[in-house]
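Colleague: Pasting start-v8.txt here (compact mmCIF, C-alpha atoms):
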```
# COMPACT_ATOMS: atom_id res chain seq x y z
CA MET A 35 -28.30 -0.27 -8.72
CA GLY A 36 -24.85 -0.77 -10.17
CA VAL A 37 -21.58 -1.16 -8.29
CA MET A 38 -22.03 -2.49 -4.75
CA ARG A 39 -18.40 -2.59 -3.65
CA MET A 40 -14.76 -3.15 -4.47
CA GLY A 41 -14.91 -6.94 -4.72
CA TYR A 42 -11.22 -7.65 -5.05
CA ALA A 43 -7.81 -6.04 -5.12
CA HIS A 44 -5.21 -8.02 -7.09
CA VAL A 45 -1.64 -7.00 -6.22
CA ARG A 46 1.88 -8.14 -6.97
CA VAL A 47 4.31 -9.41 -4.34
CA THR A 48 8.05 -9.96 -4.64
CA ASP A 49 8.21 -12.99 -2.32
CA MET A 50 5.11 -15.18 -1.89
CA ALA A 51 6.26 -16.91 1.31
CA GLU A 52 6.75 -13.57 3.09
CA ALA A 53 3.51 -12.19 1.63
CA LYS A 54 1.53 -15.19 2.86
CA ASP A 55 3.00 -14.77 6.31
CA HIS A 56 1.80 -11.16 6.32
CA TYR A 57 -1.67 -11.55 4.84
CA ALA A 58 -2.55 -14.84 6.54
CA THR A 59 -0.67 -14.79 9.86
CA THR A 60 -0.56 -11.07 10.68
CA MET A 61 -3.73 -9.84 8.94
CA GLY A 62 -5.66 -13.06 9.48
CA LEU A 63 -7.11 -13.52 6.00
CA TYR A 64 -8.41 -16.95 5.01
CA GLU A 65 -6.68 -18.61 2.04
CA THR A 66 -9.28 -19.92 -0.40
CA ARG A 67 -7.14 -20.92 -3.37
CA SER A 68 -3.55 -21.24 -4.51
CA ASP A 69 -2.61 -21.69 -8.17
CA VAL A 70 -0.29 -20.66 -10.98
CA SER A 71 -1.46 -17.99 -13.45
CA ALA A 72 -1.42 -18.46 -17.23
CA ASP A 73 1.79 -16.39 -17.17
CA GLY A 74 3.37 -18.89 -14.80
CA ASN A 75 3.18 -16.73 -11.68
CA GLN A 76 2.24 -18.21 -8.34
CA ARG A 77 -1.03 -16.77 -6.97
CA VAL A 78 -2.84 -16.97 -3.65
CA PHE A 79 -6.47 -15.93 -3.07
CA TYR A 80 -7.84 -14.71 0.26
CA LYS A 81 -11.03 -13.60 1.94
CA GLY A 82 -11.74 -11.93 5.28
CA TRP A 83 -13.85 -13.72 7.89
CA ASP A 84 -16.95 -11.60 7.28
CA GLU A 85 -16.83 -11.84 3.48
CA TRP A 86 -18.99 -14.39 1.67
CA ASP A 87 -17.57 -14.31 -1.87
CA HIS A 88 -14.64 -16.52 -2.82
CA HIS A 89 -11.92 -13.89 -2.51
CA SER A 90 -11.24 -10.21 -1.96
CA VAL A 91 -7.44 -10.16 -2.17
CA VAL A 92 -5.31 -11.84 -4.82
CA LEU A 93 -1.53 -11.95 -4.50
CA GLU A 94 0.56 -12.66 -7.58
CA GLU A 95 4.29 -13.28 -7.36
CA GLY A 96 6.62 -11.10 -9.47
CA GLY A 97 7.13 -7.35 -9.14
CA VAL A 98 5.20 -4.85 -7.04
CA GLY A 99 2.06 -2.75 -7.38
CA VAL A 100 -1.55 -3.27 -8.30
CA VAL A 101 -2.59 -5.59 -11.13
CA LYS A 102 -6.30 -4.74 -11.13
CA TYR A 103 -9.45 -4.16 -9.14
CA GLY A 104 -12.73 -6.08 -9.35
CA TRP A 105 -16.05 -4.30 -8.83
CA LYS A 106 -19.15 -6.33 -8.00
CA VAL A 107 -22.50 -5.15 -9.38
CA GLU A 108 -25.96 -5.99 -8.04
CA TYR A 109 -27.52 -7.28 -11.27
CA GLU A 110 -26.15 -9.08 -14.31
CA SER A 111 -27.72 -6.30 -16.43
CA ASP A 112 -25.58 -3.72 -14.62
CA ILE A 113 -22.59 -5.09 -16.55
CA ASP A 114 -24.17 -4.14 -19.91
CA ASP A 115 -25.21 -0.79 -18.51
CA ILE A 116 -21.68 0.00 -17.31
CA GLU A 117 -20.20 -1.27 -20.57
CA ARG A 118 -22.38 1.17 -22.53
CA LYS A 119 -21.54 4.07 -20.22
CA ALA A 120 -17.82 3.24 -20.40
CA ARG A 121 -17.91 3.27 -24.21
CA ASP A 122 -19.85 6.54 -24.14
CA PHE A 123 -17.09 7.94 -21.94
CA GLY A 124 -14.57 6.92 -24.59
CA LEU A 125 -13.05 3.92 -22.86
CA THR A 126 -12.08 0.71 -24.64
CA VAL A 127 -13.99 -2.14 -23.05
CA GLU A 128 -13.37 -5.87 -23.48
CA ARG A 129 -15.53 -8.75 -22.37
CA MET A 130 -14.13 -11.22 -19.87
CA SER A 131 -15.40 -14.78 -19.52
CA ALA A 132 -16.25 -16.75 -16.43
CA GLY A 133 -13.12 -18.44 -15.16
CA GLU A 134 -10.62 -15.90 -16.52
CA ASN A 135 -10.47 -15.00 -12.85
CA PRO A 136 -10.97 -18.18 -10.83
CA GLU A 137 -14.43 -18.33 -9.19
CA ILE A 138 -15.52 -15.06 -10.86
CA GLY A 139 -18.22 -14.91 -13.56
CA ASP A 140 -18.59 -13.13 -16.89
CA GLY A 141 -17.91 -9.43 -16.97
CA ILE A 142 -16.06 -6.58 -18.60
CA ARG A 143 -12.57 -5.16 -18.33
CA PHE A 144 -11.29 -1.71 -19.14
CA THR A 145 -8.33 0.54 -18.40
CA THR A 146 -9.26 3.75 -16.62
CA PRO A 147 -7.96 7.24 -17.50
CA SER A 148 -5.60 6.69 -14.52
CA GLU A 149 -4.22 3.57 -16.31
CA HIS A 150 -5.56 1.16 -13.70
CA VAL A 151 -7.31 -2.02 -14.83
CA PHE A 152 -10.91 -2.39 -13.63
CA GLU A 153 -13.05 -5.50 -13.97
CA VAL A 154 -16.80 -5.48 -13.43
CA TYR A 155 -18.62 -8.70 -12.57
CA HIS A 156 -21.82 -9.92 -10.97
CA GLN A 157 -21.20 -13.56 -10.11
CA ALA A 158 -18.66 -14.91 -7.64
CA THR A 159 -18.55 -18.33 -6.02
CA ALA A 160 -20.22 -18.02 -2.64
CA ILE A 161 -18.25 -19.49 0.24
CA GLY A 162 -20.09 -17.83 3.10
CA THR A 163 -18.82 -15.86 6.07
CA GLU A 164 -17.01 -17.64 8.88
CA VAL A 165 -20.02 -17.13 11.18
CA GLY A 166 -22.65 -18.25 8.68
CA THR A 167 -26.15 -16.84 8.34
CA HIS A 168 -28.19 -18.98 10.72
CA ASN A 169 -28.12 -17.54 14.26
CA PRO A 170 -24.63 -16.16 13.57
CA ASP A 171 -22.19 -15.35 16.32
CA ALA A 172 -20.57 -11.92 16.50
CA PHE A 173 -17.17 -13.09 15.27
CA PRO A 174 -15.25 -16.34 14.78
CA ARG A 175 -13.69 -17.62 17.99
CA HIS A 176 -10.29 -18.50 16.53
CA LEU A 177 -9.26 -15.49 14.50
CA VAL A 178 -5.59 -15.25 13.57
CA GLY A 179 -3.60 -12.04 14.14
CA VAL A 180 -5.52 -8.84 13.37
CA GLY A 181 -8.37 -10.93 12.00
CA VAL A 182 -9.64 -8.37 9.50
CA PRO A 183 -13.28 -8.95 8.51
CA ALA A 184 -13.16 -7.50 5.01
CA LEU A 185 -11.48 -5.46 2.28
CA ASP A 186 -12.71 -1.86 2.55
CA HIS A 187 -11.32 0.58 -0.03
CA SER A 188 -8.28 1.72 -1.99
CA LEU A 189 -6.47 4.95 -2.80
CA ILE A 190 -4.81 5.23 -6.19
CA THR A 191 -2.81 8.01 -7.81
CA CYS A 192 -3.41 9.56 -11.22
CA GLU A 193 -2.35 12.60 -13.21
CA ASP A 194 -5.90 13.97 -13.47
CA PRO A 195 -8.16 13.35 -10.46
CA ALA A 196 -10.94 15.46 -12.01
CA LEU A 197 -11.04 13.14 -15.03
CA MET A 198 -11.17 10.07 -12.76
CA GLN A 199 -13.92 11.68 -10.71
CA SER A 200 -15.89 12.31 -13.88
CA MET A 201 -15.36 8.72 -15.06
CA LEU A 202 -16.42 7.26 -11.71
CA GLU A 203 -19.52 9.48 -11.66
CA ARG A 204 -20.62 8.80 -15.22
CA VAL A 205 -19.61 5.14 -15.65
CA PHE A 206 -19.99 3.75 -12.11
CA GLY A 207 -22.61 6.16 -10.73
CA PHE A 208 -20.27 7.03 -7.84
CA TYR A 209 -20.49 10.33 -6.00
CA ALA A 210 -17.84 12.29 -4.10
CA THR A 211 -18.04 12.51 -0.31
CA GLU A 212 -14.93 14.65 0.26
CA ARG A 213 -12.48 16.52 -1.93
CA VAL A 214 -9.13 18.30 -1.69
CA GLN A 215 -8.89 21.29 -4.01
CA THR A 216 -6.70 24.37 -4.39
CA SER A 217 -9.42 26.77 -3.20
CA LEU A 218 -13.18 27.11 -2.78
CA ASP A 219 -13.44 28.91 -6.14
CA ASP A 220 -15.51 27.34 -8.90
CA ASP A 221 -12.43 26.98 -11.10
CA ALA A 222 -10.30 25.42 -8.34
CA HIS A 223 -7.97 22.57 -9.27
CA LEU A 224 -9.04 19.17 -7.91
CA ILE A 225 -6.16 17.49 -6.02
CA ALA A 226 -7.97 14.45 -4.63
CA THR A 227 -11.47 12.98 -4.38
CA TRP A 228 -13.09 10.31 -2.17
CA MET A 229 -15.85 8.39 -3.94
CA THR A 230 -18.52 5.82 -3.21
CA SER A 231 -21.72 4.30 -4.58
CA ASN A 232 -23.56 3.86 -1.26
CA ASN A 233 -23.34 4.70 2.46
CA GLN A 234 -19.72 3.52 2.77
CA ILE A 235 -17.66 6.70 3.18
CA HIS A 236 -15.35 5.77 0.31
CA GLN A 237 -14.73 2.79 -1.94
CA LEU A 238 -12.05 4.43 -4.08
CA ALA A 239 -10.10 7.62 -3.62
CA CYS A 240 -7.99 9.26 -6.33
CA LEU A 241 -5.01 11.45 -5.51
CA GLU A 242 -2.96 13.54 -7.92
CA GLY A 243 0.30 11.73 -8.70
CA PRO A 244 1.78 9.30 -11.20
CA GLN A 245 -0.47 7.13 -13.36
CA ALA A 246 -1.23 3.49 -12.55
CA LYS A 247 0.13 3.58 -9.01
CA LEU A 248 -1.15 2.15 -5.75
CA HIS A 249 -1.14 4.36 -2.65
CA HIS A 250 -2.80 1.78 -0.39
CA PHE A 251 -5.60 -0.71 -0.03
CA ALA A 252 -7.44 -0.96 3.26
CA PHE A 253 -9.08 -3.55 5.49
CA ARG A 254 -12.09 -2.71 7.64
CA LEU A 255 -12.00 -2.84 11.43
CA GLY A 256 -14.72 -2.21 13.99
CA ASP A 257 -13.46 0.57 16.23
CA TRP A 258 -10.51 2.41 17.82
CA ASN A 259 -9.65 -0.50 20.09
CA GLU A 260 -9.29 -2.84 17.16
CA VAL A 261 -7.09 -0.30 15.36
CA GLY A 262 -4.84 -0.04 18.42
CA ARG A 263 -4.67 -3.80 18.79
CA ALA A 264 -3.78 -4.12 15.09
CA ALA A 265 -0.84 -1.74 15.62
CA ASP A 266 0.29 -3.84 18.61
CA LEU A 267 0.31 -6.94 16.43
CA MET A 268 2.30 -5.10 13.75
CA ALA A 269 4.93 -4.31 16.40
CA MET A 270 5.05 -7.99 17.41
CA ASP A 271 5.44 -9.10 13.80
CA ASP A 272 7.95 -6.38 12.78
CA VAL A 273 5.57 -4.88 10.21
CA PRO A 274 6.87 -1.42 9.24
CA ILE A 275 4.24 1.13 10.33
CA ASP A 276 4.01 4.21 8.12
CA VAL A 277 1.70 6.36 10.26
CA GLY A 278 -0.62 5.85 13.17
CA PRO A 279 -2.67 4.82 14.98
CA THR A 280 -4.35 8.15 14.26
CA ARG A 281 -7.47 9.61 12.71
CA HIS A 282 -8.03 11.00 9.24
CA GLY A 283 -9.75 14.41 9.16
CA ILE A 284 -11.03 13.34 5.77
CA THR A 285 -13.68 10.58 6.30
CA ARG A 286 -13.07 10.80 10.12
CA GLY A 287 -11.74 7.23 9.84
CA GLN A 288 -9.38 5.75 12.44
CA THR A 289 -6.31 4.27 10.89
CA VAL A 290 -2.91 2.67 10.77
CA TYR A 291 -0.90 2.87 7.54
CA PHE A 292 1.69 0.12 7.21
CA PHE A 293 3.63 -1.74 4.55
CA ASP A 294 3.37 -5.33 3.37
CA PRO A 295 6.59 -7.33 2.80
CA SER A 296 6.75 -6.09 -0.82
CA GLY A 297 6.46 -2.45 0.22
CA SER A 298 2.84 -1.97 -0.81
CA ARG A 299 1.01 0.23 1.67
CA ASN A 300 -1.89 -1.35 3.56
CA GLU A 301 -4.31 0.31 5.97
CA VAL A 302 -6.62 -0.82 8.70
CA PHE A 303 -9.58 1.55 8.76
CA ALA A 304 -12.39 1.90 11.29
CA GLY A 305 -15.31 4.30 11.50
CA GLY A 306 -15.98 6.92 8.89
CA TYR A 307 -19.41 8.52 8.96
CA LEU A 308 -22.36 7.40 6.83
CA ALA A 309 -22.31 8.83 3.33
CA TYR A 310 -25.44 10.01 1.49
CA ARG A 311 -25.85 11.30 -2.05
CA ASP A 312 -27.56 14.46 -0.80
CA ARG A 313 -25.00 15.23 1.91
CA PRO A 314 -23.01 18.35 1.02
CA VAL A 315 -19.45 17.43 0.00
CA SER A 316 -16.72 18.28 2.53
CA VAL A 317 -13.95 20.31 0.94
CA TRP A 318 -10.37 20.59 2.20
CA THR A 319 -7.92 23.23 1.03
CA PRO A 320 -4.11 22.94 1.10
CA GLU A 321 -3.49 25.07 4.22
CA GLN A 322 -5.32 22.42 6.31
CA LEU A 323 -4.34 19.36 4.26
CA GLY A 324 -2.06 18.01 7.03
CA LYS A 325 -5.06 17.94 9.39
CA GLY A 326 -7.22 16.42 6.68
CA ILE A 327 -4.89 13.48 6.19
CA PHE A 328 -3.50 13.00 9.73
CA TYR A 329 -5.89 14.71 12.14
CA HIS A 330 -3.74 14.58 15.28
CA ALA A 331 -0.21 15.30 14.03
CA ARG A 332 -1.61 17.82 11.47
CA GLU A 333 1.51 17.32 9.42
CA LEU A 334 1.80 15.65 6.07
CA ASN A 335 5.00 13.63 5.67
CA ASP A 336 6.95 13.24 2.43
CA ARG A 337 6.04 9.59 2.24
CA PHE A 338 2.33 10.24 1.84
CA THR A 339 2.84 11.53 -1.67
CA THR A 340 6.12 9.87 -2.68
CA VAL A 341 5.88 6.28 -1.47
CA LEU A 342 3.83 4.38 -4.04
CA THR A 343 4.00 0.95 -5.62
CA MET B 620 27.36 -14.03 -1.28
CA SER B 621 25.09 -16.01 1.01
CA ARG B 622 24.21 -14.97 4.55
CA GLY B 623 26.54 -17.68 5.88
CA GLU B 624 29.60 -16.21 4.20
CA ALA B 625 28.89 -12.68 5.44
CA SER B 626 30.60 -13.24 8.76
CA VAL B 627 32.66 -10.04 8.54
CA VAL B 628 31.34 -6.91 10.22
CA PRO B 629 31.04 -4.48 7.33
CA THR B 630 31.45 -0.77 7.88
CA VAL B 631 29.37 1.81 6.07
CA ARG B 632 31.15 5.09 5.50
CA ILE B 633 29.01 8.08 4.58
CA GLU B 634 30.49 10.83 2.42
CA PRO B 635 30.89 13.75 2.71
CA SER B 636 29.91 13.81 6.42
CA GLY B 637 32.49 11.16 7.34
CA PHE B 638 30.03 9.23 9.52
CA VAL B 639 30.89 5.56 9.92
CA ALA B 640 28.51 2.81 11.05
CA ARG B 641 29.39 -0.80 11.82
CA LEU B 642 26.75 -3.18 10.59
CA GLN B 643 25.96 -6.66 11.81
CA PRO B 644 26.62 -9.56 9.44
CA GLY B 645 23.78 -9.89 6.93
CA GLU B 646 22.11 -6.64 8.04
CA PRO B 647 20.62 -4.39 5.36
CA VAL B 648 22.24 -0.94 5.08
CA LEU B 649 19.22 1.14 6.11
CA ALA B 650 18.32 -1.02 9.12
CA GLY B 651 21.96 -0.87 10.22
CA LEU B 652 22.15 2.91 9.93
CA HIS B 653 18.96 3.20 12.02
CA ARG B 654 20.27 0.79 14.63
CA CYS B 655 23.46 2.83 14.90
CA GLY B 656 21.45 5.97 15.58
CA PHE B 657 21.56 7.68 12.19
CA THR B 658 18.54 9.34 10.64
CA VAL B 659 18.38 9.31 6.87
CA ARG B 660 15.83 11.68 5.36
CA GLN B 661 14.65 9.59 2.43
CA VAL B 662 12.96 6.54 3.91
CA GLY B 663 9.92 4.90 2.35
CA CYS B 664 8.31 1.51 2.74
CA ARG B 665 11.45 -0.20 4.12
CA ARG B 666 10.46 -3.35 2.22
CA GLY B 667 11.97 -2.75 -1.23
CA GLY B 668 8.78 -1.66 -2.98
CA CYS B 669 8.93 2.11 -3.44
CA GLY B 670 12.57 2.93 -4.26
CA ILE B 671 12.62 6.10 -2.12
CA CYS B 672 15.71 5.01 -0.14
CA LYS B 673 17.98 4.58 -3.17
CA LEU B 674 21.43 6.09 -2.60
CA GLU B 675 24.69 6.30 -4.51
CA LEU B 676 27.22 3.60 -3.72
CA VAL B 677 30.63 5.27 -4.07
CA GLN B 678 32.76 2.30 -3.17
CA GLY B 679 32.32 -1.37 -2.36
CA GLU B 680 29.72 -3.93 -3.27
CA VAL B 681 26.29 -4.87 -2.01
CA THR B 682 24.17 -7.96 -2.51
CA TYR B 683 20.41 -8.48 -2.41
CA GLU B 684 19.28 -11.52 -0.45
CA LYS B 685 15.58 -10.83 -1.08
CA ALA B 686 13.84 -10.43 -4.42
CA VAL B 687 13.79 -6.83 -5.68
CA ALA B 688 11.43 -5.85 -8.50
CA GLY B 689 13.17 -4.70 -11.70
CA THR B 690 10.84 -1.69 -11.77
CA VAL B 691 12.16 -0.56 -8.37
CA LEU B 692 15.89 -1.07 -9.05
CA THR B 693 16.76 -1.46 -12.71
CA SER B 694 19.77 -3.43 -13.90
CA ASP B 695 21.24 -0.16 -15.20
CA GLU B 696 20.94 1.34 -11.74
CA ARG B 697 22.58 -1.71 -10.19
CA ALA B 698 25.43 -1.48 -12.69
CA SER B 699 25.94 2.25 -12.15
CA GLY B 700 26.20 1.91 -8.36
CA THR B 701 22.72 2.81 -7.16
CA CYS B 702 21.96 1.06 -3.90
CA LEU B 703 18.46 0.24 -2.62
CA THR B 704 19.47 0.70 1.00
CA CYS B 705 16.53 -1.05 2.71
CA ARG B 706 17.36 -4.31 0.89
CA ALA B 707 21.11 -4.01 0.15
CA VAL B 708 23.48 -6.05 2.31
CA PRO B 709 27.15 -4.97 2.14
CA ALA B 710 29.51 -7.61 0.76
CA GLY B 711 32.34 -5.87 2.64
CA ASP B 712 33.12 -2.29 3.62
CA ILE B 713 31.17 0.23 1.55
CA THR B 714 31.01 3.99 1.09
CA LEU B 715 27.74 5.79 0.38
CA HIS B 716 27.12 9.35 -0.72
CA ILE B 717 24.40 11.08 1.31
CA ASP B 718 24.08 14.86 1.12
CA ILE B 719 24.99 16.52 4.45
CA GLU B 720 21.44 17.82 4.96
CA ASP B 721 19.92 14.37 4.33
CA VAL B 722 21.62 12.48 7.17
CA SER B 723 22.10 13.16 10.85
CA ALA B 724 23.66 11.32 13.76
CA ALA B 725 21.90 11.02 17.09
CA PRO B 726 24.73 11.43 19.59
CA THR B 727 23.04 13.05 22.64
CA GLY B 728 21.00 11.91 25.61
CA LEU B 729 19.84 8.33 25.62
CA LEU B 730 20.36 8.19 21.87
CA LYS B 731 24.12 8.19 22.34
CA TYR B 732 23.82 4.57 23.47
CA LEU B 733 22.50 3.66 20.03
CA ASN B 734 25.59 5.15 18.54
CA ILE B 735 28.20 2.91 20.15
CA ALA B 736 28.80 1.06 16.91
CA ALA B 737 29.47 4.29 15.05
CA THR B 738 31.96 7.08 15.11
CA GLY B 739 31.30 10.74 14.41
CA PRO B 740 32.75 12.82 11.60
CA ASP B 741 36.52 12.72 11.24
CA LYS B 742 38.11 15.41 13.39
CA GLU B 743 41.34 15.97 11.50
```
Here is a file; write its structure as structure tokens.
Modeller:
Amino acid sequence: MGVMRMGYAHVRVTDMAEAKDHYATTMGLYETRSDVSADGNQRVFYKGWDEWDHHSVVLEEGGVGVVKYGWKVEYESDIDDIERKARDFGLTVERMSAGENPEIGDGIRFTTPSEHVFEVYHQATAIGTEVGTHNPDAFPRHLVGVGVPALDHSLITCEDPALMQSMLERVFGFYATERVQTSLDDDAHLIATWMTSNNQIHQLACLEGPQAKLHHFAFRLGDWNEVGRAADLMAMDDVPIDVGPTRHGITRGQTVYFFDPSGSRNEVFAGGYLAYRDRPVSVWTPEQLGKGIFYHARELNDRFTTVLT
Amino acid sequence: MSRGEASVVPTVRIEPSGFVARLQPGEPVLAGLHRCGFTVRQVGCRRGGCGICKLELVQGEVTYEKAVAGTVLTSDERASGTCLTCRAVPAGDITLHIDIEDVSAAPTGLLKYLNIAATGPDKE
């Protein structure tokens, strides 16, 4: 069946102590490992309470921006399948061995046309959710801060969204749920695309902009109330809020955009309708782009396209 | 200079508007301008990651008490007087260049109370 989800986002932070305070104390992620990379950089690994694999967020000290993304596939054989499709697409693929990423199995690594590093793997050390699987409760009683359950998706920028869309379709078997394009004409220019492999409204979105950049990565929340409460906690902890709480026209998700202590944009994201492969793609054109991005204010700020790490 | 030594109250002068803001000891430039009621157009992540708030330092010196990535503020930029305002802490009085249309004061209504640490454009 191929890619099931974005398994991990690995990002750089300028100051690990401040980053840990943000991701553990404000966001409520669970630290599962702390080590030093082969390059000598301090790293910390986290999972959300409702995630069962060893980690979904990796912080690495030194610089800013995204190091790489991990994509978890359903079957070991999916790795070979994706490797073949990636080579057919013209990408250079290398094999990675179990342990190159702590607690992650064998897999492949390649650089996308957007110059982001993707890793594809099947095996990850199972830790289990914080509520377990036997007669599980609805949530853990002693969540910290926002208490995000899981990593949800990411938005990256690239010079050619159409090329990334094509790669994600042909190599990962993703499909687009929504698009921004210059017009409804067949030869319209693609400005952005929201893509998924399953019923999740998006796992990765690609927006026209500089290569190799991170726009944001997002954590899942349950509903509007949780999004509002998350924003309250950001006020208490002096987290700079970018936009929100509001709704996206695109995906219909409810959201707060905010910045981590290194200036990388995070999001908490709730809702979003169920995606299906046979659902007609929603298309947004520039005259309504403000409403597409921020449904209530209907105004796109400078920062949305200029503030990247 | 460490935070302990920065006991002076640095002033930030903005050219060519002539706005002046008085910062608190150890306060980053951008946070101080906001606290004094100024609105600067180019504001990004406010945490040193995106580089959107870089401005030209015309006079004076700034220090960085928190780590700043070399990709965000290069050593050449530091040497040539570019200031990452969300992270830069004045080491004394400084002067910044901000184009007239990119900065405004907030002197009316309730906002005038924010502005007590600042003075408006020079009258003479």
Colleague: Let me make sure I understand: among A:Pro195, A:Gly207, A:Pro183, A:Gly36, which one has the smallest atom-to-atom distance to His223 of chain A if we use only C-alpha atoms?
Modeller: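 Looking at the shortest contact to His223 of chain A, the residue is A:Pro195.
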Colleague: Write out as a Markdown table the residues of chain B that have any atom within 7 Å of an atom of chain A, one row each with the nearest atom pair and its distance in Å to one decimal, counting all atoms listed in the file, sorted by chain and then rising number.
Modeller:
```
| residue | atom | partner | partner_atom | distance |
| --- | --- | --- | --- | --- |
| B:Gly663 | CA | A:Val341 | CA | 5.7 |
| B:Cys664 | CA | A:Gly297 | CA | 5.0 |
| B:Arg665 | CA | A:Gly297 | CA | 6.7 |
| B:Arg666 | CA | A:Gly297 | CA | 4.6 |
| B:Gly667 | CA | A:Gly297 | CA | 5.7 |
| B:Gly668 | CA | A:Gly297 | CA | 4.0 |
| B:Cys669 | CA | A:Thr343 | CA | 5.5 |
| B:Ile671 | CA | A:Val341 | CA | 6.8 |
| B:Ala686 | CA | A:Thr48 | CA | 5.8 |
| B:Val687 | CA | A:Thr48 | CA | 6.6 |
| B:Ala688 | CA | A:Gly97 | CA | 4.6 |
```
Colleague: Work out how far apart atom CA of Gly262 of chain A and atom CA of Leu238 of chain A are and give it in Å to one decimal.
Modeller: 24.0 Å
Colleague: Quote the spacing between atom CA of Gly41 of chain A and atom CA of Gly124 of chain A in Å to one decimal place.
Modeller: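 One can read the atom CA of Gly41 of chain A to atom CA of Gly124 of chain A distance as 24.2 Å.
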Colleague: Just want the 10 Å neighbourhood of Pro314 of chain A, counted on all atoms listed in the file, with same-chain residues fewer than 5 positions away dropped. Output as a PDB file with C-alpha atoms, keeping the file's coordinate frame.
Modeller:
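Printed below is part-v1.pdb as written:
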```
ATOM      1  CA  ALA A 210     -17.840  12.290  -4.100  1.00  0.00           C
ATOM      2  CA  THR A 211     -18.040  12.510  -0.310  1.00  0.00           C
ATOM      3  CA  GLU A 212     -14.930  14.650   0.260  1.00  0.00           C
ATOM      4  CA  ALA A 309     -22.310   8.830   3.330  1.00  0.00           C
TER       5      ALA A 309
END
```
Colleague: Quick one: everything within 10 Å of Arg706 of chain B, counting all atoms listed in the file, minus sequence neighbours fewer than 2 positions away in the same chain. Send it as a ChimeraX atom specification.
Modeller: /B:646-650,665-668,672-673,681-687,702-704,708-709
Colleague: Env of Val659 of chain B: 9 Å cut, atoms = all atoms listed in the file, seq-sep filter 3 positions within chain, self excluded. Answer as a compact mmCIF listing (two decimals) with C-alpha atoms, in the coordinates of the input.
Modeller:
```txt
# COMPACT_ATOMS: atom_id res chain seq x y z
CA LEU B 649 19.22 1.14 6.11
CA LEU B 652 22.15 2.91 9.93
CA HIS B 653 18.96 3.20 12.02
CA VAL B 662 12.96 6.54 3.91
CA CYS B 672 15.71 5.01 -0.14
CA ILE B 717 24.40 11.08 1.31
CA ASP B 721 19.92 14.37 4.33
CA VAL B 722 21.62 12.48 7.17
CA SER B 723 22.10 13.16 10.85
CA ALA B 724 23.66 11.32 13.76
```
Colleague: Which is closer to Cys655 of chain B than all the others in B:Ala698, B:Leu692, B:Val639, B:Ile633, using all atoms listed in the file?
Modeller: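 Distance minimum relative to Cys655 of chain B lands on B:Val639.
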Colleague: In Å, with one decimal, what is the gap from atom CA of Glu134 of chain A to atom CA of Glu153 of chain A?
Modeller: 11.0 Å
Colleague: Go through A:Ile327, A:Glu242, A:Thr230, A:Leu189 and flag the residue nearest Glu301 of chain A, using all atoms listed in the file for the distances.
Modeller: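 Under the stated criterion, the closest residue is A:Leu189.
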Colleague: Which residues, protein or nucleic acid, reach to within 9 Å of (-0.7, -16.9, -10.6) in the file's coordinates when using only C-alpha atoms, and can you give that as a PyMOL selection string?
Modeller: chain A and resi 68-78+92-95
